[in-house]
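Notes to accompany the following structure.
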Amino acid sequence: MNKSVEQAIKQLFDLDIKVTLTRPEPQFGDYATSIAMQLAKRLGKNPREIAEQIVEVLKASEDFSEVTIAGPGFINIRLAPAALLNLTRQEPLPNRAGQTIVIETNNPNPFKAMHIGHAYNAILADTMANLFAIDGATVKRVSYHGDVGTHVGKSMWAILKETDGETAKLEAIRPEDRNKFMSRMYAEGSRMTKESEEVKKEVAELTKQSFVLDDPTYKAIYDICAKWSYEQIDAIVMRLGNIPIERRYVESETEKPGKKLIKDNTPSVFKQSDGAYIFEGSKYGSFDNVYIGSHGNGLYGAHDMGLIQLKYSDYPDLDESIVVTGNEQAAYFVGVIAASELAIPALKGKLKNYPTGLVKLTSGKMSSRTGDVVEIDWLFEEFGKAIEARGGVATDEIIAGALRYQFLKAKLGGDVVFDVNEAVSLTGNTGSYLQYAHARARRILEKISGTFVRPTEVREEDRKLMRKLSEYHEIIEQAKRMLEPHHICNYLFELAQEFNRYYEKNQVVGDELEVHRAGLVAVYADTLKAGLMILGIHAPEKM
């Protein structure tokens, strides 16, 4: 519709102007623009006079049933029924056709239980990947995991102590208990490292062993626990509704390429000091950071640069390489990205980090470093209890829908604070409410005796619902452009509310307008389902 206004301006004033239309309150019309006031100074005319000229041209269009002026020169546009119908059929444009996007859709470390913060990053990244996919891009979902380091040393200290180094004792643990076992072992290792200097020294040695794996007993236990961890991560991520990854990267494979890249770019990018390799990130909006220690081992920065190089090697045609992390790592990644782009100029502008806010339950923030975390299994159990308490059936798809929506409705970068019972409510802005809304619409359609088709007219009582349906493609475009799923969440909630108002006043089943209204219900249900699918949320036929 903005094209019509742009063409009017070109016709009247011979100007090529990009016009942005907004959605006013329904009583003012379907679209509005302040373009007349923006042009006033440039044309040396009164804005209302400019608006009057534009309105005269727009009135000739069959797409508009009414075009009016408000205030000093706001132009309000009301669409003709045919134009409104056409908007409900419009599909989002594939703006990223031909692009290749590599995105980490999960990155929890093995040897620890996957917690709620990991779930947030995984769900958000997976939904971003969905947005890229519907925008026409080829999406490569990958993961990255820290399989070496202090966290491994802490867990291995407790595991070796618990099992006496016997793999048989380890393998006797039931599959359903493994995640809790790993969580307990990490928590125990973390606690004892703080309380005992002797344990701290032992953990340091076990940490070193995670890099070399030359002790047969250690390696046997390590291999079993690493396998368990990845199996658990894959199962939990799938349970959350994520699409599976196609490539898993681990920290141990990044040391060699990362260190080589750094040394090859010294002194042009990195500086040496007492045997350490340092990137002066303070010159690029980050902080000065050691990437290779004086002991010769690569640190986090070296490993992340090695990972970036591995991704680039595997996907040389990538247009963007994306990682979603906690906000506390934002400044760090500014430095890593700056160093990587200097070392690999072909990646300039292609490396992106999207930081998230904190995840909090009513009890506050979780700590992954101490092992005091909210585990995913526990969260699924609590969501399941809450769903059953309100009379629902707690399937994984229903639980995952409630959980995903609770994360995704928060603006990217903002904190997520929620109460489990509120998150599964059927009356508020929740995933459960939208899943129920979809199932309810499908039940209505099951009761229709005859056949029905997409509406071919817009009656006056349909207009508000049709108007909200017509916004779908605009909301999807906004979410794709900004990579912000919360726009879709807000829209779907508003759409469901608008449908409820419509349904309260307009009987569908058994009415003389049954066929017409059933068609409208079908469009509504299909729109809900399409939006939920982008969010990775199952749209149940029954609930």
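Ordering of the structure tokens sets the chain letters (A, B, ...), residue numbers begin anew at 1 in every chain, and ligands are numbered from 1 in the order given.
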
Per-residue DSSP, region 185-322 of chain A, filtered to helix (DSSP H, G or I), as a PyMOL selection string | chain A and resi 185-195+197-212+216-239+251-253+255-264+281-284+300-314

Show which residues sit within 10 Å of Ile236 (chain A), as number ranges by chain. Count only C-alpha atoms, and ignore same-chain residues fewer than 3 positions away.
-> A: 114, 119, 230-233, 239-242, 376-377

Region 88-101 of chain A: which residues within 7 Å, counting only C-alpha atoms, same-chain residues fewer than 6 positions away excluded, as a PyMOL selection string?
-> chain A and resi 134-140+317-321+469-470+473+476-477

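The smallest atom-to-atom distance between Glu498 (chain A) and any of A:Glu25, A:Lys468, A:Ala400, A:Phe211, using only C-alpha atoms, is found for A:Lys468.
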
Between A:Thr427, A:Ser282, A:Ser252, A:Thr163, smallest distance to Met185 (chain A) by only C-alpha atoms belongs to A:Thr163

Write down as a list in words the residues of region 86-138 of chain A whose backbone DSSP state falls under strand (DSSP E).
-> Thr100, Ile101, Val102, Ile103, Glu104, Thr105, Asn106 and Thr138 of chain A

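Here CA of Ile537 (chain A) and CA of Ala439 (chain A) stand 13.1 Å from one another.
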
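Minimum atom-to-atom distances from A:Leu299, A:Met128, A:Val212, A:Leu513 to Ala479 (chain A) were compared using only C-alpha atoms, and the lowest value belongs to A:Met128.
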
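Taking CA of Thr127 (chain A) and CA of Leu535 (chain A) as endpoints, the distance between them is 5.5 Å.
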
Spatial neighbours of Lys208 (chain A), 10 Å, only C-alpha atoms, chain gap at least 5 places, as a PDB file with C-alpha atoms, in the first residue's frame:
ATOM      1  CA  VAL A 148      37.779 -29.687  27.948  1.00  0.00           C
ATOM      2  CA  GLY A 149      38.589 -27.397  30.849  1.00  0.00           C
ATOM      3  CA  THR A 150      37.915 -26.800  34.523  1.00  0.00           C
ATOM      4  CA  VAL A 152      35.377 -31.270  33.141  1.00  0.00           C
ATOM      5  CA  GLY A 153      37.999 -31.522  35.898  1.00  0.00           C
ATOM      6  CA  VAL A 203      40.894 -30.940  39.961  1.00  0.00           C
ATOM      7  CA  LEU A 213      43.331 -38.166  27.688  1.00  0.00           C
TER       8      LEU A 213
END

Give me the residues within 6 Å of Ser143 (chain A) as a list in words, counting only C-alpha atoms and dropping any in the same chain fewer than 2 places off.
-> Glu104, Thr105, Asn106, Asn107, Arg248 and Tyr249 of chain A

Would you output that residue set with C-alpha atoms, as a tab-separated table (two decimals), in the first residue's frame?
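Produced file again12.tsv, reproduced below:
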chain	number	residue	atom	x	y	z
A	104	GLU	CA	24.62	-22.35	16.67
A	105	THR	CA	21.27	-23.59	17.90
A	106	ASN	CA	22.62	-25.09	21.11
A	107	ASN	CA	25.90	-24.85	23.02
A	248	ARG	CA	28.63	-30.69	16.23
A	249	TYR	CA	31.79	-28.75	17.09

Just give me the gap between CA of Lys529 (chain A) and CA of Glu457 (chain A) in Å, one decimal is fine.
-> 22.8 Å

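By chain and then residue number, the residues within 12 Å of Asn265 (chain A) are Gly258, Lys259, Lys260, Leu261, Ile262, Ser268, Val269, Phe270, Lys271, Gln272, Tyr277, Ile278, Phe279, Met305, Ala339, Ser340, Glu341, Leu342, Ala343, Ile344 and Pro345 of chain A, counting only C-alpha atoms and disregarding those fewer than 3 positions away in sequence.
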
Hey, can you spit out that residue selection with C-alpha atoms as a short mmCIF file (atom, residue, chain, number, x, y, z; two decimals), in the first residue's frame?
data_model
loop_
_atom_site.label_atom_id
_atom_site.label_comp_id
_atom_site.auth_asym_id
_atom_site.auth_seq_id
_atom_site.Cartn_x
_atom_site.Cartn_y
_atom_site.Cartn_z
CA GLY A 258 42.86 -21.17 16.73
CA LYS A 259 46.47 -20.95 17.88
CA LYS A 260 47.77 -21.16 14.32
CA LEU A 261 45.47 -18.36 13.18
CA ILE A 262 46.62 -16.15 16.05
CA SER A 268 49.67 -7.54 12.62
CA VAL A 269 46.61 -8.33 14.78
CA PHE A 270 47.99 -9.77 18.05
CA LYS A 271 50.81 -8.57 20.26
CA GLN A 272 53.20 -10.76 22.22
CA TYR A 277 49.40 -13.44 22.76
CA ILE A 278 47.13 -10.47 23.41
CA PHE A 279 44.44 -8.78 21.34
CA MET A 305 38.62 -18.08 16.79
CA ALA A 339 40.04 -10.09 16.00
CA SER A 340 38.57 -12.73 13.68
CA GLU A 341 37.59 -10.20 11.02
CA LEU A 342 41.08 -8.72 11.08
CA ALA A 343 42.63 -12.19 10.80
CA ILE A 344 40.16 -13.38 8.14
CA PRO A 345 39.11 -10.29 6.13
#

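For the choices A:Asp314, A:Glu202, A:Glu255, A:Glu422, the atom-to-atom distance to Phe383 (chain A) is smallest for A:Glu422 when using only C-alpha atoms.
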
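Counting only C-alpha atoms and comparing A:Pro355, A:His115, A:Arg440, A:Tyr472, the residue that lies closest to Leu87 (chain A) is A:Tyr472.
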
Select, from A:Ala129, A:Leu43, A:Ile9, A:Leu532, the residue with the minimum atom-to-atom distance to Ile243 (chain A), counting only C-alpha atoms.
-> A:Ala129
